[in-house]
file data.cif (mmCIF, C-alpha atoms and all ligand atoms)
data_query
loop_
_atom_site.label_atom_id
_atom_site.label_comp_id
_atom_site.auth_asym_id
_atom_site.auth_seq_id
_atom_site.Cartn_x
_atom_site.Cartn_y
_atom_site.Cartn_z
CA MET A 1 -23.43 -8.03 28.03
CA ARG A 2 -25.66 -5.08 28.74
CA THR A 3 -28.32 -6.47 26.37
CA VAL A 4 -28.19 -9.84 28.13
CA VAL A 5 -28.76 -8.17 31.48
CA LEU A 6 -31.59 -6.12 30.01
CA VAL A 7 -33.23 -9.18 28.44
CA LEU A 8 -32.92 -11.11 31.70
CA GLY A 9 -34.35 -8.15 33.58
CA LEU A 10 -37.31 -7.96 31.24
CA ALA A 11 -37.88 -11.71 31.51
CA MET A 12 -37.90 -11.45 35.31
CA ALA A 13 -40.27 -8.49 35.20
CA ALA A 14 -42.57 -10.44 32.87
CA TRP A 15 -42.47 -13.46 35.21
CA ILE A 16 -43.35 -11.29 38.17
CA LEU A 17 -46.18 -9.56 36.30
CA VAL A 18 -47.69 -12.77 34.96
CA ALA A 19 -47.13 -14.95 38.01
CA GLN A 20 -47.95 -12.38 40.68
CA THR A 21 -51.34 -11.57 39.21
CA PRO A 22 -53.91 -13.83 40.82
CA PRO A 23 -55.94 -15.79 38.26
CA GLU A 24 -59.66 -15.06 38.28
CA GLN A 25 -61.29 -17.82 40.32
CA PRO A 26 -64.82 -19.15 39.74
CA ILE A 27 -65.76 -18.18 43.32
CA PRO A 28 -63.97 -15.36 45.18
CA TYR A 29 -62.79 -17.53 48.09
CA SER A 30 -60.49 -15.64 50.49
CA HIS A 31 -57.78 -17.32 52.57
CA LYS A 32 -57.30 -14.03 54.42
CA HIS A 33 -60.89 -14.14 55.59
CA HIS A 34 -61.21 -17.85 56.35
CA VAL A 35 -57.78 -18.36 57.92
CA GLY A 36 -57.02 -14.86 59.21
CA THR A 37 -60.47 -13.90 60.53
CA VAL A 38 -62.54 -17.10 60.87
CA LYS A 39 -59.35 -18.84 62.16
CA LEU A 40 -59.75 -22.12 60.31
CA GLN A 41 -56.63 -24.32 60.26
CA CYS A 42 -55.04 -25.23 56.93
CA LYS A 43 -55.59 -28.91 57.62
CA PHE A 44 -59.34 -28.44 58.05
CA CYS A 45 -59.43 -28.06 54.24
CA HIS A 46 -56.07 -29.43 53.09
CA GLU A 47 -56.05 -32.86 54.66
CA ASN A 48 -52.90 -34.40 53.19
CA LYS A 49 -54.52 -37.84 52.83
CA GLU A 50 -52.29 -40.93 52.55
CA PRO A 51 -49.93 -41.54 50.80
CA GLY A 52 -49.26 -37.90 51.65
CA GLU A 53 -48.08 -36.47 48.35
CA LEU A 54 -51.00 -34.11 47.85
CA MET A 55 -52.63 -31.65 50.24
CA GLY A 56 -55.84 -31.74 48.20
CA ILE A 57 -58.44 -29.04 47.61
CA PRO A 58 -61.70 -29.39 49.54
CA ALA A 59 -64.97 -30.32 47.82
CA ALA A 60 -67.75 -27.73 47.84
CA GLY A 61 -69.69 -29.89 50.32
CA LYS A 62 -67.10 -29.07 52.99
CA CYS A 63 -67.80 -25.35 52.61
CA MET A 64 -71.54 -25.89 52.89
CA GLY A 65 -71.17 -27.00 56.51
CA CYS A 66 -71.08 -23.26 57.24
CA HIS A 67 -72.54 -21.77 54.10
CA LYS A 68 -75.89 -23.57 54.30
CA SER A 69 -76.64 -20.77 56.72
CA ILE A 70 -73.84 -18.17 56.40
CA LYS A 71 -74.43 -15.78 53.48
CA ALA A 72 -76.78 -18.27 51.85
CA ASP A 73 -78.30 -15.43 49.78
CA SER A 74 -75.01 -14.40 48.20
CA PRO A 75 -74.82 -15.26 44.47
CA HIS A 76 -71.29 -16.64 45.07
CA ILE A 77 -72.54 -18.96 47.77
CA GLN A 78 -75.46 -20.01 45.56
CA ARG A 79 -72.99 -21.04 42.86
CA LEU A 80 -71.00 -22.93 45.50
CA ALA A 81 -74.18 -24.68 46.64
CA GLY A 82 -74.84 -25.67 43.02
CA PHE A 83 -71.48 -27.46 42.84
CA ALA A 84 -72.12 -29.15 46.18
CA GLU A 85 -75.62 -30.35 45.23
CA SER A 86 -74.51 -31.88 41.94
CA ASN A 87 -71.29 -33.20 43.52
CA ARG A 88 -69.12 -31.48 40.91
CA PRO A 89 -65.67 -30.12 41.67
CA VAL A 90 -65.35 -26.34 41.64
CA PRO A 91 -63.16 -25.54 38.59
CA TRP A 92 -60.50 -23.65 40.61
CA LYS A 93 -57.60 -22.33 38.54
CA ARG A 94 -54.60 -24.19 39.91
CA ILE A 95 -51.63 -22.21 41.18
CA TYR A 96 -48.96 -24.69 42.20
CA GLN A 97 -48.71 -27.79 40.07
CA ILE A 98 -45.72 -29.74 38.86
CA PRO A 99 -45.59 -32.36 36.11
CA ALA A 100 -46.47 -35.94 37.04
CA TYR A 101 -42.96 -37.20 36.21
CA VAL A 102 -41.53 -35.34 39.20
CA PHE A 103 -41.69 -36.93 42.63
CA PHE A 104 -42.73 -34.54 45.38
CA SER A 105 -44.33 -35.39 48.70
CA HIS A 106 -45.81 -32.83 51.08
CA GLN A 107 -45.70 -35.35 53.90
CA THR A 108 -41.96 -36.00 53.77
CA HIS A 109 -41.19 -32.30 53.41
CA LEU A 110 -43.42 -31.38 56.33
CA GLN A 111 -41.81 -34.02 58.55
CA GLY A 112 -38.36 -32.60 57.80
CA ALA A 113 -36.61 -29.26 58.06
CA VAL A 114 -39.05 -27.44 55.77
CA ASN A 115 -42.21 -27.86 57.79
CA LYS A 116 -44.01 -24.58 57.21
CA CYS A 117 -46.48 -23.96 54.40
CA ALA A 118 -45.12 -20.42 54.15
CA ASP A 119 -41.67 -21.75 53.13
CA CYS A 120 -43.12 -22.61 49.73
CA HIS A 121 -46.47 -20.79 49.52
CA GLY A 122 -45.85 -17.45 51.27
CA ALA A 123 -48.17 -15.63 53.66
CA VAL A 124 -51.37 -17.38 52.54
CA GLU A 125 -53.30 -16.22 55.62
CA THR A 126 -52.89 -12.59 54.50
CA ARG A 127 -54.03 -13.10 50.89
CA ASP A 128 -57.52 -12.62 49.52
CA ALA A 129 -56.61 -14.28 46.22
CA LEU A 130 -53.62 -16.59 45.90
CA PHE A 131 -50.93 -16.25 43.27
CA LYS A 132 -47.68 -18.09 42.70
CA GLU A 133 -45.32 -16.52 45.22
CA PHE A 134 -42.56 -19.08 44.74
CA PRO A 135 -41.55 -20.78 41.52
CA THR A 136 -41.85 -24.58 41.34
CA ASN A 137 -39.30 -25.13 38.61
CA MET A 138 -36.40 -27.55 38.90
CA GLY A 139 -33.90 -24.82 39.76
CA SER A 140 -35.90 -23.65 42.76
CA CYS A 141 -36.22 -27.20 44.15
CA MET A 142 -32.48 -27.70 43.72
CA GLU A 143 -31.58 -24.36 45.27
CA CYS A 144 -33.26 -25.23 48.55
CA HIS A 145 -31.93 -28.80 48.51
CA GLN A 146 -28.44 -27.45 48.10
CA LYS A 147 -28.92 -25.02 50.99
CA LYS A 148 -30.33 -27.72 53.25
CA LYS A 149 -27.75 -30.29 52.12
CA VAL A 150 -30.37 -32.59 50.62
CA SER A 151 -29.55 -34.72 47.55
CA ASN A 152 -29.81 -33.28 44.06
CA ASP A 153 -29.23 -36.57 42.23
CA CYS A 154 -31.46 -36.78 39.19
CA THR A 155 -33.13 -39.97 40.45
CA PHE A 156 -34.06 -38.28 43.72
CA CYS A 157 -36.86 -36.37 42.01
CA HIS A 158 -37.16 -38.31 38.75
CA GLU A 159 -37.79 -42.01 38.70
CA GLN A 160 -35.09 -44.08 37.20
CA ARG A 161 -35.88 -44.86 33.58
CA ASN A 162 -34.44 -47.79 31.62
C1 LIG A 201 -61.98 -23.28 54.30
C2 LIG A 201 -61.05 -24.07 53.52
C3 LIG A 201 -59.60 -23.68 53.39
C4 LIG A 201 -58.69 -23.39 54.40
C5 LIG A 201 -58.93 -23.34 55.89
C6 LIG A 201 -57.41 -23.21 53.73
N1 LIG A 201 -57.56 -23.35 52.39
FE1 LIG A 201 -56.09 -23.28 50.99
N2 LIG A 201 -57.46 -23.52 49.49
C7 LIG A 201 -58.82 -23.65 49.68
C8 LIG A 201 -59.50 -23.59 48.39
C9 LIG A 201 -61.00 -23.68 48.16
C10 LIG A 201 -58.49 -23.43 47.41
C11 LIG A 201 -58.67 -23.25 45.90
C12 LIG A 201 -58.97 -21.80 45.58
C13 LIG A 201 -57.79 -20.88 45.69
O1 LIG A 201 -56.75 -21.15 45.06
O2 LIG A 201 -57.88 -19.87 46.43
C14 LIG A 201 -57.22 -23.39 48.13
C15 LIG A 201 -55.98 -23.26 47.54
C16 LIG A 201 -54.77 -23.26 48.22
C17 LIG A 201 -53.46 -23.25 47.59
C18 LIG A 201 -53.20 -23.23 46.09
C19 LIG A 201 -53.39 -24.61 45.50
C20 LIG A 201 -53.17 -24.68 44.01
O3 LIG A 201 -52.14 -25.22 43.58
O4 LIG A 201 -54.00 -24.21 43.25
C21 LIG A 201 -52.53 -23.22 48.59
C22 LIG A 201 -51.02 -23.18 48.43
C23 LIG A 201 -53.25 -23.21 49.85
N3 LIG A 201 -54.61 -23.25 49.59
C24 LIG A 201 -52.66 -23.15 51.09
C25 LIG A 201 -53.35 -23.01 52.29
C26 LIG A 201 -52.70 -22.76 53.57
C27 LIG A 201 -51.20 -22.63 53.77
C28 LIG A 201 -53.69 -22.67 54.51
C29 LIG A 201 -53.55 -22.34 55.99
C30 LIG A 201 -52.75 -21.15 56.29
C31 LIG A 201 -54.96 -22.88 53.81
N4 LIG A 201 -54.70 -23.05 52.47
C32 LIG A 201 -56.23 -22.91 54.40
C33 LIG A 201 -59.46 -23.83 50.87
C34 LIG A 201 -58.88 -23.64 52.13
C1 LIG A 202 -41.19 -27.74 50.17
C2 LIG A 202 -42.20 -26.91 49.56
C3 LIG A 202 -43.64 -27.01 50.03
C4 LIG A 202 -44.15 -26.94 51.32
C5 LIG A 202 -43.37 -26.80 52.62
C6 LIG A 202 -45.59 -26.98 51.19
N1 LIG A 202 -45.94 -27.10 49.86
FE1 LIG A 202 -47.82 -27.18 49.11
N2 LIG A 202 -47.09 -27.50 47.21
C7 LIG A 202 -45.74 -27.55 46.90
C8 LIG A 202 -45.58 -28.02 45.52
C9 LIG A 202 -44.27 -28.24 44.78
C10 LIG A 202 -46.90 -28.24 45.02
C11 LIG A 202 -47.31 -28.83 43.68
C12 LIG A 202 -47.44 -30.33 43.91
C13 LIG A 202 -47.86 -31.16 42.73
O1 LIG A 202 -48.30 -30.64 41.70
O2 LIG A 202 -47.75 -32.40 42.84
C14 LIG A 202 -47.82 -27.88 46.11
C15 LIG A 202 -49.22 -27.95 46.02
C16 LIG A 202 -50.08 -27.59 47.07
C17 LIG A 202 -51.53 -27.56 46.97
C18 LIG A 202 -52.36 -27.90 45.75
C19 LIG A 202 -53.02 -29.26 45.90
C20 LIG A 202 -52.06 -30.40 45.90
O3 LIG A 202 -52.16 -31.22 46.81
O4 LIG A 202 -51.21 -30.49 44.99
C21 LIG A 202 -52.02 -27.17 48.19
C22 LIG A 202 -53.48 -27.01 48.59
C23 LIG A 202 -50.88 -26.98 49.07
N3 LIG A 202 -49.71 -27.23 48.35
C24 LIG A 202 -50.97 -26.62 50.39
C25 LIG A 202 -49.91 -26.66 51.30
C26 LIG A 202 -50.06 -26.53 52.75
C27 LIG A 202 -51.38 -26.33 53.49
C28 LIG A 202 -48.80 -26.63 53.28
C29 LIG A 202 -48.41 -26.64 54.77
C30 LIG A 202 -49.09 -27.61 55.61
C31 LIG A 202 -47.87 -26.82 52.15
N4 LIG A 202 -48.58 -26.85 50.99
C32 LIG A 202 -46.48 -26.93 52.26
C33 LIG A 202 -44.70 -27.23 47.73
C34 LIG A 202 -44.79 -27.12 49.12
C1 LIG A 203 -66.23 -22.29 59.58
C2 LIG A 203 -67.23 -21.74 58.69
C3 LIG A 203 -66.86 -21.52 57.22
C4 LIG A 203 -66.41 -22.46 56.31
C5 LIG A 203 -66.09 -23.92 56.54
C6 LIG A 203 -66.31 -21.77 55.04
N1 LIG A 203 -66.68 -20.46 55.18
FE1 LIG A 203 -66.81 -19.06 53.68
N2 LIG A 203 -67.33 -17.65 55.04
C7 LIG A 203 -67.51 -17.85 56.39
C8 LIG A 203 -67.84 -16.57 57.02
C9 LIG A 203 -68.09 -16.36 58.52
C10 LIG A 203 -67.92 -15.61 55.98
C11 LIG A 203 -68.21 -14.11 56.11
C12 LIG A 203 -69.66 -13.89 56.02
C13 LIG A 203 -70.00 -12.41 56.10
O1 LIG A 203 -69.33 -11.60 55.47
O2 LIG A 203 -70.94 -12.10 56.81
C14 LIG A 203 -67.59 -16.33 54.74
C15 LIG A 203 -67.59 -15.73 53.49
C16 LIG A 203 -67.39 -16.41 52.29
C17 LIG A 203 -67.54 -15.82 50.96
C18 LIG A 203 -67.99 -14.40 50.65
C19 LIG A 203 -69.48 -14.43 50.40
C20 LIG A 203 -70.02 -13.09 49.98
O3 LIG A 203 -70.67 -13.04 48.92
O4 LIG A 203 -69.77 -12.12 50.69
C21 LIG A 203 -67.23 -16.80 50.05
C22 LIG A 203 -67.23 -16.67 48.53
C23 LIG A 203 -66.87 -17.99 50.81
N3 LIG A 203 -67.00 -17.72 52.18
C24 LIG A 203 -66.50 -19.18 50.24
C25 LIG A 203 -66.17 -20.33 50.97
C26 LIG A 203 -65.67 -21.54 50.37
C27 LIG A 203 -65.39 -21.75 48.89
C28 LIG A 203 -65.48 -22.43 51.39
C29 LIG A 203 -64.94 -23.83 51.32
C30 LIG A 203 -63.66 -24.02 50.66
C31 LIG A 203 -65.88 -21.77 52.62
N4 LIG A 203 -66.27 -20.50 52.33
C32 LIG A 203 -65.89 -22.37 53.86
C33 LIG A 203 -67.40 -19.06 57.05
C34 LIG A 203 -67.01 -20.27 56.50
C1 LIG A 204 -37.59 -24.74 50.96
C2 LIG A 204 -36.76 -25.92 50.77
C3 LIG A 204 -37.16 -27.02 49.83
C4 LIG A 204 -37.79 -26.88 48.60
C5 LIG A 204 -38.23 -25.60 47.90
C6 LIG A 204 -37.91 -28.21 48.06
N1 LIG A 204 -37.40 -29.14 48.93
FE1 LIG A 204 -37.37 -31.18 48.65
N2 LIG A 204 -36.56 -31.44 50.48
C7 LIG A 204 -36.20 -30.43 51.34
C8 LIG A 204 -35.68 -31.02 52.58
C9 LIG A 204 -35.17 -30.25 53.80
C10 LIG A 204 -35.76 -32.42 52.41
C11 LIG A 204 -35.36 -33.50 53.41
C12 LIG A 204 -36.61 -33.87 54.18
C13 LIG A 204 -36.30 -34.81 55.29
O1 LIG A 204 -35.95 -34.34 56.37
O2 LIG A 204 -36.40 -36.04 55.04
C14 LIG A 204 -36.30 -32.66 51.07
C15 LIG A 204 -36.54 -33.91 50.55
C16 LIG A 204 -37.00 -34.16 49.27
C17 LIG A 204 -37.19 -35.49 48.69
C18 LIG A 204 -36.89 -36.80 49.40
C19 LIG A 204 -37.97 -37.16 50.38
C20 LIG A 204 -39.09 -37.86 49.70
O3 LIG A 204 -40.21 -37.33 49.69
O4 LIG A 204 -38.88 -38.93 49.14
C21 LIG A 204 -37.66 -35.31 47.41
C22 LIG A 204 -37.98 -36.38 46.40
C23 LIG A 204 -37.79 -33.87 47.20
N3 LIG A 204 -37.38 -33.22 48.35
C24 LIG A 204 -38.25 -33.29 46.03
C25 LIG A 204 -38.47 -31.91 45.87
C26 LIG A 204 -39.02 -31.30 44.66
C27 LIG A 204 -39.42 -32.04 43.41
C28 LIG A 204 -39.09 -29.94 44.91
C29 LIG A 204 -39.59 -28.84 43.99
C30 LIG A 204 -40.91 -28.96 43.42
C31 LIG A 204 -38.57 -29.72 46.25
N4 LIG A 204 -38.21 -30.93 46.80
C32 LIG A 204 -38.50 -28.48 46.83
C33 LIG A 204 -36.32 -29.07 51.12
C34 LIG A 204 -36.92 -28.46 50.02
C1 LIG A 205 -34.93 -31.53 43.67
C2 LIG A 205 -35.71 -32.12 42.60
C3 LIG A 205 -35.10 -32.33 41.24
C4 LIG A 205 -33.86 -32.86 40.94
C5 LIG A 205 -32.78 -33.30 41.92
C6 LIG A 205 -33.79 -32.93 39.51
N1 LIG A 205 -34.95 -32.47 38.94
FE1 LIG A 205 -35.37 -32.38 36.94
N2 LIG A 205 -37.18 -31.49 37.34
C7 LIG A 205 -37.63 -31.19 38.60
C8 LIG A 205 -38.89 -30.45 38.48
C9 LIG A 205 -39.73 -29.89 39.61
C10 LIG A 205 -39.17 -30.37 37.09
C11 LIG A 205 -40.40 -29.72 36.44
C12 LIG A 205 -40.07 -28.31 36.14
C13 LIG A 205 -41.25 -27.54 35.61
O1 LIG A 205 -42.37 -27.72 36.03
O2 LIG A 205 -40.98 -26.70 34.75
C14 LIG A 205 -38.06 -31.05 36.40
C15 LIG A 205 -37.98 -31.18 35.00
C16 LIG A 205 -36.95 -31.85 34.36
C17 LIG A 205 -36.89 -32.06 32.92
C18 LIG A 205 -37.92 -31.60 31.92
C19 LIG A 205 -37.57 -30.20 31.52
C20 LIG A 205 -38.49 -29.67 30.49
O3 LIG A 205 -38.42 -28.46 30.28
O4 LIG A 205 -39.29 -30.41 29.93
C21 LIG A 205 -35.74 -32.74 32.66
C22 LIG A 205 -35.22 -33.22 31.30
C23 LIG A 205 -35.06 -32.95 33.94
N3 LIG A 205 -35.83 -32.39 34.95
C24 LIG A 205 -33.84 -33.57 34.09
C25 LIG A 205 -33.12 -33.65 35.28
C26 LIG A 205 -31.75 -34.14 35.39
C27 LIG A 205 -30.88 -34.62 34.24
C28 LIG A 205 -31.42 -34.09 36.72
C29 LIG A 205 -30.07 -34.40 37.39
C30 LIG A 205 -28.97 -33.54 36.98
C31 LIG A 205 -32.58 -33.57 37.42
N4 LIG A 205 -33.59 -33.32 36.53
C32 LIG A 205 -32.67 -33.40 38.80
C33 LIG A 205 -37.03 -31.50 39.81
C34 LIG A 205 -35.77 -32.06 39.96
#
call {"tool": "encode", "arguments": {"input": "data.cif", "output": "structure tokens", "more": "lines below"}}
Ligand code: HEC
Ligand code: HEC
Ligand code: HEC
Ligand code: HEC
Ligand code: HEC
result
Amino acid sequence: MRTVVLVLGLAMAAWILVAQTPPEQPIPYSHKHHVGTVKLQCKFCHENKEPGELMGIPAAGKCMGCHKSIKADSPHIQRLAGFAESNRPVPWKRIYQIPAYVFFSHQTHLQGAVNKCADCHGAVETRDALFKEFPTNMGSCMECHQKKKVSNDCTFCHEQRN
């Protein structure tokens, strides 16, 4: 019993260490600065285009609206400009991503009882670099559904297969 507890404890500690360390991003973009100080709204960059499943990550061109003039000499901004000019996506390391066989829609969640980004992504506006603050495994989806009295039928999140 004691070993099981110890092993579980170590596994948790490992999860926290691995998951709570922000991955190194190609450009040191800061949510704390752009949301907290510059006061941009989430939806300025994360548009949640129809059909509403994804929030999306903005293209470099969107950043250049400001950065053509702001800090244009910074090597980070010059790299950003390079992506924008050649119309390539910035290779951001993704933080929250679930497999394609799971159905999840931001739009329906945001229209319901869980309508705050912070419910699933934490205090983004206070973070320089993002890390996974909440797990996105099946258990964590089901835990909240159970609390909010939302269905946990398998076909709710997984399409029916024949
Ligand atoms: C100026 C544009 C901009 C604004 C405003 C912005 N973001 Fe972001 N967001 C980004 C960029 C660029 C990334 C990818 C780099 C990163 O992970 O930091 C990102 C990544 C994320 C991610 C991680 C996505 C993933 O799976 O990799 C989350 C969650 C997120 N933003 C939430 C928010 C929330 C919540 C707000 C408002 C409080 C917000 N963002 C405001 C540009 C923006
Ligand atoms: C109920 C939990 C939940 C809420 C609330 C939520 N998200 Fe997410 N978010 C997720 C999950 C799960 C993913 C992974 C989705 C995937 O891979 O399909 C994700 C992915 C993202 C991504 C990565 C790009 C994408 O579209 O997959 C961004 C950016 C993001 N969320 C921003 C936001 C913002 C901004 C808000 C508030 C307006 C928000 N999220 C609210 C759970 C949530
Ligand atoms: C509304 C204007 C605005 C937008 C849009 C914007 N930024 Fe910024 N950004 C700023 C300001 C203001 C600063 C701070 C400049 C300073 O320190 O003097 C900044 C600073 C930065 C820095 C630090 C530069 C350095 O070397 O010090 C990076 C990196 C950055 N932004 C990336 C981005 C990315 C990536 C996007 C798009 C996802 C983006 N910004 C969109 C206004 C903006
Ligand atoms: C913090 C709480 C919370 C978390 C975490 C959460 N959900 Fe939900 N989910 C809800 C609520 C509340 C509703 C009901 C929304 C409404 O009012 O229609 C819902 C509804 C749904 C629906 C039905 C609506 C639709 O879009 O068709 C699906 C499917 C779903 N969730 C999948 C997921 C998956 C997959 C995850 C994990 C990646 C997840 N949820 C995580 C609270 C949550
Ligand atoms: C509230 C949403 C939700 C419900 C309900 C749900 N799942 Fe899942 N399921 C997920 C998510 C999210 C993942 C992906 C987990 C990950 O990324 O590790 C997943 C993954 C899986 C996997 C793949 C696991 C693996 O490790 O490859 C199986 C099998 C599965 N679910 C079966 C089921 C069965 C059987 C039920 C009904 C008892 C069910 N699911 C109900 C959200 C859900």
call {"tool": "closest_atom_pairs", "arguments": {"input": "data.cif", "of": "chain A", "to": "ligand LIG 204 (chain A)", "cutoff": "8 Å", "atoms": "all atoms listed in the file", "output": "tab-separated table"}}
result
residue	atom	partner	partner_atom	distance
A:Ile98	CA	A:LIG204	C30	6.7
A:Val102	CA	A:LIG204	C27	5.8
A:Phe103	CA	A:LIG204	C22	5.3
A:Phe104	CA	A:LIG204	C27	4.6
A:Ser105	CA	A:LIG204	O3	4.7
A:His106	CA	A:LIG204	O3	7.3
A:Gln107	CA	A:LIG204	O3	7.2
A:Thr108	CA	A:LIG204	O3	4.6
A:His109	CA	A:LIG204	C12	4.9
A:Leu110	CA	A:LIG204	C12	7.6
A:Gln111	CA	A:LIG204	O1	6.3
A:Gly112	CA	A:LIG204	O1	3.3
A:Ala113	CA	A:LIG204	C9	4.6
A:Val114	CA	A:LIG204	C9	5.2
A:Asp119	CA	A:LIG204	C1	5.5
A:Cys120	CA	A:LIG204	C5	6.0
A:Thr136	CA	A:LIG204	C30	4.9
A:Asn137	CA	A:LIG204	C30	6.4
A:Met138	CA	A:LIG204	C29	6.1
A:Ser140	CA	A:LIG204	C5	6.0
A:Cys141	CA	A:LIG204	C32	3.7
A:Met142	CA	A:LIG204	C32	6.8
A:Glu143	CA	A:LIG204	C5	7.3
A:Cys144	CA	A:LIG204	C2	4.2
A:His145	CA	A:LIG204	C33	5.1
A:Lys147	CA	A:LIG204	C2	7.9
A:Lys148	CA	A:LIG204	C9	5.5
A:Lys149	CA	A:LIG204	C9	7.6
A:Val150	CA	A:LIG204	C10	5.7
A:Ser151	CA	A:LIG204	C15	7.6
A:Phe156	CA	A:LIG204	C22	5.1
A:Cys157	CA	A:LIG204	C22	4.5
A:His158	CA	A:LIG204	C22	7.9
call {"tool": "closest_atom_pairs", "arguments": {"input": "data.cif", "of": "chain A", "to": "ligand LIG 201 (chain A)", "cutoff": "9 Å", "atoms": "all atoms listed in the file", "output": "tab-separated table"}}
result
residue	atom	partner	partner_atom	distance
A:Pro22	CA	A:LIG201	O1	8.9
A:Pro23	CA	A:LIG201	O1	8.7
A:Gln25	CA	A:LIG201	C12	7.0
A:Pro26	CA	A:LIG201	C12	8.7
A:Ile27	CA	A:LIG201	C12	8.0
A:Pro28	CA	A:LIG201	O2	7.7
A:Tyr29	CA	A:LIG201	O2	5.7
A:Ser30	CA	A:LIG201	O2	6.4
A:His31	CA	A:LIG201	C6	6.0
A:Lys32	CA	A:LIG201	C30	8.7
A:His34	CA	A:LIG201	C1	5.9
A:Val35	CA	A:LIG201	C5	5.5
A:Gly36	CA	A:LIG201	C30	8.1
A:Val38	CA	A:LIG201	C5	8.8
A:Lys39	CA	A:LIG201	C5	7.7
A:Leu40	CA	A:LIG201	C5	4.7
A:Gln41	CA	A:LIG201	C5	5.0
A:Cys42	CA	A:LIG201	C29	3.4
A:Lys43	CA	A:LIG201	C5	6.7
A:Phe44	CA	A:LIG201	C5	5.6
A:Cys45	CA	A:LIG201	C2	4.4
A:His46	CA	A:LIG201	N1	6.3
A:Met55	CA	A:LIG201	C23	8.5
A:Gly56	CA	A:LIG201	C19	8.0
A:Ile57	CA	A:LIG201	C8	5.6
A:Pro58	CA	A:LIG201	C9	5.9
A:Ala59	CA	A:LIG201	C9	7.7
A:Ala60	CA	A:LIG201	C9	7.9
A:Lys62	CA	A:LIG201	C1	7.8
A:Cys63	CA	A:LIG201	C1	6.4
A:Val90	CA	A:LIG201	C9	8.3
A:Pro91	CA	A:LIG201	C11	8.9
A:Trp92	CA	A:LIG201	C12	5.5
A:Lys93	CA	A:LIG201	O4	6.2
A:Arg94	CA	A:LIG201	O4	3.4
A:Ile95	CA	A:LIG201	O4	3.7
A:Tyr96	CA	A:LIG201	O3	3.5
A:Gln97	CA	A:LIG201	O3	5.5
A:Lys116	CA	A:LIG201	C27	8.2
A:Cys117	CA	A:LIG201	C27	4.9
A:Ala118	CA	A:LIG201	C27	6.5
A:Cys120	CA	A:LIG201	C22	8.0
A:His121	CA	A:LIG201	C22	5.3
A:Gly122	CA	A:LIG201	C27	7.9
A:Ala123	CA	A:LIG201	C27	7.6
A:Val124	CA	A:LIG201	C27	5.4
A:Glu125	CA	A:LIG201	C30	5.0
A:Thr126	CA	A:LIG201	C30	8.7
A:Arg127	CA	A:LIG201	O2	9.0
A:Asp128	CA	A:LIG201	O2	7.9
A:Ala129	CA	A:LIG201	O2	5.7
A:Leu130	CA	A:LIG201	O2	5.4
A:Phe131	CA	A:LIG201	O1	7.8
A:Lys132	CA	A:LIG201	C18	8.3
call {"tool": "atom_distance", "arguments": {"input": "data.cif", "atom1": "CA of Leu54 in chain A", "atom2": "atom C18 of ligand LIG 203 (chain A)"}}
result
26.2 Å
call {"tool": "atom_distance", "arguments": {"input": "data.cif", "atom1": "atom C17 of ligand LIG 205 (chain A)", "atom2": "CA of Gln146 in chain A"}}
result
18.0 Å
call {"tool": "atom_distance", "arguments": {"input": "data.cif", "atom1": "atom C1 of ligand LIG 203 (chain A)", "atom2": "CA of Glu24 in chain A"}}
result
23.4 Å
call {"tool": "closest_residue", "arguments": {"input": "data.cif", "among": "A:Lys71, A:Lys49, A:His33, A:Arg88", "to": "ligand LIG 202 (chain A)", "atoms": "all atoms listed in the file"}}
result
A:Lys49
call {"tool": "closest_residue", "arguments": {"input": "data.cif", "among": "A:Gly52, A:Asn115, A:Lys68, A:Ser86", "to": "ligand LIG 203 (chain A)", "atoms": "all atoms listed in the file"}}
result
A:Lys68
call {"tool": "build_atoms", "arguments": {"input": "data.cif", "residues": "range 70-78 of chain A", "atoms": "N, CA and C atoms", "output": "PDB file, keeping the file's coordinate frame"}}
result
ATOM      1  N   ILE A  70     -74.562 -19.454  56.521  1.00  0.00           N
ATOM      2  CA  ILE A  70     -73.840 -18.170  56.400  1.00  0.00           C
ATOM      3  C   ILE A  70     -73.877 -17.650  54.969  1.00  0.00           C
ATOM      4  N   LYS A  71     -74.387 -16.446  54.788  1.00  0.00           N
ATOM      5  CA  LYS A  71     -74.430 -15.780  53.480  1.00  0.00           C
ATOM      6  C   LYS A  71     -75.131 -16.594  52.400  1.00  0.00           C
ATOM      7  N   ALA A  72     -76.099 -17.372  52.797  1.00  0.00           N
ATOM      8  CA  ALA A  72     -76.780 -18.270  51.850  1.00  0.00           C
ATOM      9  C   ALA A  72     -77.425 -17.512  50.681  1.00  0.00           C
ATOM     10  N   ASP A  73     -77.677 -16.211  50.856  1.00  0.00           N
ATOM     11  CA  ASP A  73     -78.300 -15.430  49.780  1.00  0.00           C
ATOM     12  C   ASP A  73     -77.303 -14.885  48.767  1.00  0.00           C
ATOM     13  N   SER A  74     -76.029 -14.950  49.096  1.00  0.00           N
ATOM     14  CA  SER A  74     -75.010 -14.400  48.200  1.00  0.00           C
ATOM     15  C   SER A  74     -74.974 -15.207  46.891  1.00  0.00           C
ATOM     16  N   PRO A  75     -74.884 -14.520  45.734  1.00  0.00           N
ATOM     17  CA  PRO A  75     -74.820 -15.260  44.470  1.00  0.00           C
ATOM     18  C   PRO A  75     -73.599 -16.181  44.411  1.00  0.00           C
ATOM     19  N   HIS A  76     -72.486 -15.786  45.059  1.00  0.00           N
ATOM     20  CA  HIS A  76     -71.290 -16.640  45.070  1.00  0.00           C
ATOM     21  C   HIS A  76     -71.569 -17.930  45.825  1.00  0.00           C
ATOM     22  N   ILE A  77     -72.239 -17.784  46.954  1.00  0.00           N
ATOM     23  CA  ILE A  77     -72.540 -18.960  47.770  1.00  0.00           C
ATOM     24  C   ILE A  77     -73.582 -19.828  47.064  1.00  0.00           C
ATOM     25  N   GLN A  78     -74.485 -19.194  46.301  1.00  0.00           N
ATOM     26  CA  GLN A  78     -75.460 -20.010  45.560  1.00  0.00           C
ATOM     27  C   GLN A  78     -74.779 -20.843  44.474  1.00  0.00           C
TER      28      GLN A  78
END
